[in-house]
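Contents: one structure, followed by commentary.
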Amino acid sequence: MIVIAGEALIDLVPQGAGALAALTPALGGGPYNTAVALGRLGSPAAFCSRVSRDAFGEALLDRLRETGVVVSSVQRGDEPTTLAVPAVAADGSAVYSFYVEGTADRLFTAPDALPAGTRAVSFGTCSLVLEPGASAYEELMRTAHARGVFTALDPNIRPGLIPDPDAYRARFLSWLPSVSLLKLSEEDARWLGGTPARWLAAGPAAVVVTRGGDGLTVFTREGGEYSVPGERVEVVDTIGAGDTVNAALLHGLAARGALNERGVAVLGADGWRELLGFAARAAAITCSRAGAEPPYAHELDG
């Protein structure tokens, strides 16, 4: 079982240009998209979050159930669902505005236990910024890692949600001793101001950096550095692409029996290039269609 811990929200996607373009609601949130992608790839997955009892919350849970994601660890609340409004640029990239005050997901509390058979827990995005839930997710990360569970982190930086960048950067560094796999984009890396070498020294067994259409690179604690090119595709938008990479990496590591730090260490050049190539293909499919619509396993066969 791979547990995805973090927010579920509604993306209000503009259907045209201009500030007053019509908005279409779409199910989203970085961790949520990762959970859906894992379910579609066929990995046993569970979602750990706090979701509103409103109509949006019910729709979010319905999709998880439809994709086979276990929702028994989802907490419920009467507060509204978080809303995000992405502005999609000509190249398909998205910049987000958020409506988060008084919403259900930021009141998450750390669970007493994870689902039976949990092998890995993945964290990231808004859930590690918005208090008081951020401290609860941080507690879960530290506790899981201390118990020998593989932990993955995608900070997925949203600068508009971070009132004190320096404090966040310091907090990010404090998480790394409890992180097994760090995945982040080039943009995240520039904003954080660190380097893969520095982050590896702090704890993770591997750091994966995504470079959009230029591909992915992994840096390992043993000194390995392996890259693959991006998959060429007509980009509709990039919403959910990084979340799909997260899911593909976790799915691929699980398939190789490598959801542990020793497994990551012995994967080697060929294993990493194969895994990164799989993640690149999965992300390309997501980019080829509107919104966060990650691929199913059959779309990646061969």
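Within each chain, counting starts at residue 1; across the structure tokens, chains are named A, B, ... in the order shown, with ligands numbered 1 upward in that order.
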Exercise. Using DSSP on the backbone, list every residue of region 127-268 of chain A that comes out as alpha helix (DSSP H), and give them as a VMD selection string.
Key: chain A and resid 133 to 146 165 to 175 186 to 192 196 to 202 241 to 255 261 to 265 268
Quiz item: Leaving out region 160-162 of chain A and any residue of its chain fewer than 5 positions from it, which residues lie within 12 Å of it when counting only C-alpha atoms, given as JSON, numbers by chain?
Solution: {"A": [84, 95, 96, 97, 98, 99, 100, 101, 125, 126, 127, 128, 129, 130, 131, 155, 167, 168, 169, 171, 191, 192]}
Name all residues at most 12 Å from Thr143 (chain A) (count only C-alpha atoms; drop same-chain ones fewer than 5 positions away) and give them as an mmCIF file with N, CA, C and O atoms, in the first residue's frame.
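Result file is result_7.cif:
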data_model
loop_
_atom_site.group_PDB
_atom_site.id
_atom_site.type_symbol
_atom_site.label_atom_id
_atom_site.label_comp_id
_atom_site.auth_asym_id
_atom_site.auth_seq_id
_atom_site.Cartn_x
_atom_site.Cartn_y
_atom_site.Cartn_z
ATOM 1 N N ALA A 110 -3.025 14.476 12.544
ATOM 2 C CA ALA A 110 -2.238 13.263 12.295
ATOM 3 C C ALA A 110 -2.987 12.035 12.793
ATOM 4 O O ALA A 110 -3.478 12.020 13.931
ATOM 5 N N PRO A 111 -3.097 10.985 11.963
ATOM 6 C CA PRO A 111 -3.805 9.773 12.382
ATOM 7 C C PRO A 111 -2.979 8.965 13.379
ATOM 8 O O PRO A 111 -1.753 9.080 13.439
ATOM 9 N N ASP A 112 -3.676 8.125 14.143
ATOM 10 C CA ASP A 112 -2.984 7.263 15.099
ATOM 11 C C ASP A 112 -2.192 6.168 14.389
ATOM 12 O O ASP A 112 -1.171 5.700 14.891
ATOM 13 N N ALA A 113 -2.670 5.754 13.223
ATOM 14 C CA ALA A 113 -1.991 4.676 12.486
ATOM 15 C C ALA A 113 -2.262 4.832 11.002
ATOM 16 O O ALA A 113 -3.264 5.434 10.584
ATOM 17 N N LEU A 114 -1.366 4.270 10.183
ATOM 18 C CA LEU A 114 -1.546 4.224 8.736
ATOM 19 C C LEU A 114 -2.242 2.919 8.344
ATOM 20 O O LEU A 114 -2.269 1.963 9.134
ATOM 21 N N VAL A 121 4.783 6.532 2.078
ATOM 22 C CA VAL A 121 3.874 7.673 2.240
ATOM 23 C C VAL A 121 4.459 8.847 1.465
ATOM 24 O O VAL A 121 5.657 9.127 1.564
ATOM 25 N N ALA A 136 0.636 18.866 11.292
ATOM 26 C CA ALA A 136 0.156 17.489 11.434
ATOM 27 C C ALA A 136 0.747 16.593 10.350
ATOM 28 O O ALA A 136 1.160 15.450 10.618
ATOM 29 N N TYR A 137 0.823 17.095 9.112
ATOM 30 C CA TYR A 137 1.468 16.312 8.050
ATOM 31 C C TYR A 137 2.953 16.130 8.337
ATOM 32 O O TYR A 137 3.519 15.060 8.086
ATOM 33 N N GLU A 138 3.584 17.163 8.854
ATOM 34 C CA GLU A 138 5.001 17.060 9.210
ATOM 35 C C GLU A 138 5.205 15.993 10.278
ATOM 36 O O GLU A 138 6.144 15.177 10.196
ATOM 37 N N GLY A 148 10.483 3.268 9.692
ATOM 38 C CA GLY A 148 11.026 2.534 8.562
ATOM 39 C C GLY A 148 10.182 2.563 7.308
ATOM 40 O O GLY A 148 10.459 1.809 6.360
ATOM 41 N N VAL A 149 9.171 3.431 7.248
ATOM 42 C CA VAL A 149 8.337 3.552 6.056
ATOM 43 C C VAL A 149 9.037 4.477 5.052
ATOM 44 O O VAL A 149 9.590 5.511 5.424
ATOM 45 N N PHE A 150 9.022 4.110 3.791
ATOM 46 C CA PHE A 150 9.601 4.925 2.724
ATOM 47 C C PHE A 150 8.793 6.211 2.586
ATOM 48 O O PHE A 150 7.562 6.175 2.490
ATOM 49 N N THR A 151 9.463 7.359 2.575
ATOM 50 C CA THR A 151 8.765 8.636 2.491
ATOM 51 C C THR A 151 9.206 9.398 1.251
ATOM 52 O O THR A 151 10.389 9.470 0.941
ATOM 53 N N TRP A 175 12.916 18.931 7.041
ATOM 54 C CA TRP A 175 12.203 17.704 6.678
ATOM 55 C C TRP A 175 13.127 16.647 6.083
ATOM 56 O O TRP A 175 12.844 15.445 6.167
ATOM 57 N N PRO A 177 15.930 15.005 6.642
ATOM 58 C CA PRO A 177 16.354 13.770 7.312
ATOM 59 C C PRO A 177 15.245 12.716 7.401
ATOM 60 O O PRO A 177 15.534 11.540 7.641
ATOM 61 N N SER A 178 13.991 13.133 7.188
ATOM 62 C CA SER A 178 12.865 12.201 7.245
ATOM 63 C C SER A 178 12.314 11.878 5.862
ATOM 64 O O SER A 178 11.206 11.363 5.734
ATOM 65 N N VAL A 179 13.090 12.170 4.803
ATOM 66 C CA VAL A 179 12.644 11.958 3.420
ATOM 67 C C VAL A 179 13.528 10.919 2.744
ATOM 68 O O VAL A 179 14.755 11.023 2.768
#
Quiz prompt | Picked from region 5-87 of chain A by DSSP as strand (DSSP E), as a list in words | solution =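 Going through region 5-87 of chain A, the strand (DSSP E) residues come out as Ala5, Leu9, Ile10, Asp11, Leu12, Val13, Pro14, Leu23, Thr24, Pro25, Ala26, Leu27, Gly28, Ala45, Ala46, Phe47, Cys48, Arg50, Val51, Ser52, Gln75, Arg76, Gly77, Leu83, Ala84, Val85, Pro86 and Ala87 of chain A.
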Quiz item: Skipping near chain neighbours, those fewer than 4 positions away, what residues fall within 12 Å of region 222-230 of chain A using only C-alpha atoms, listed as a PyMOL selection string?
Solution: chain A and resi 196-197+200-201+204-218+241+245+261-262+264-285+287
Practice problem: May I ask for the distance between CA of Gly194 (chain A) and CA of Leu173 (chain A), given in Å to one decimal place? | Solution: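 Result for CA of Gly194 (chain A) versus CA of Leu173 (chain A): 9.4 Å, one decimal.
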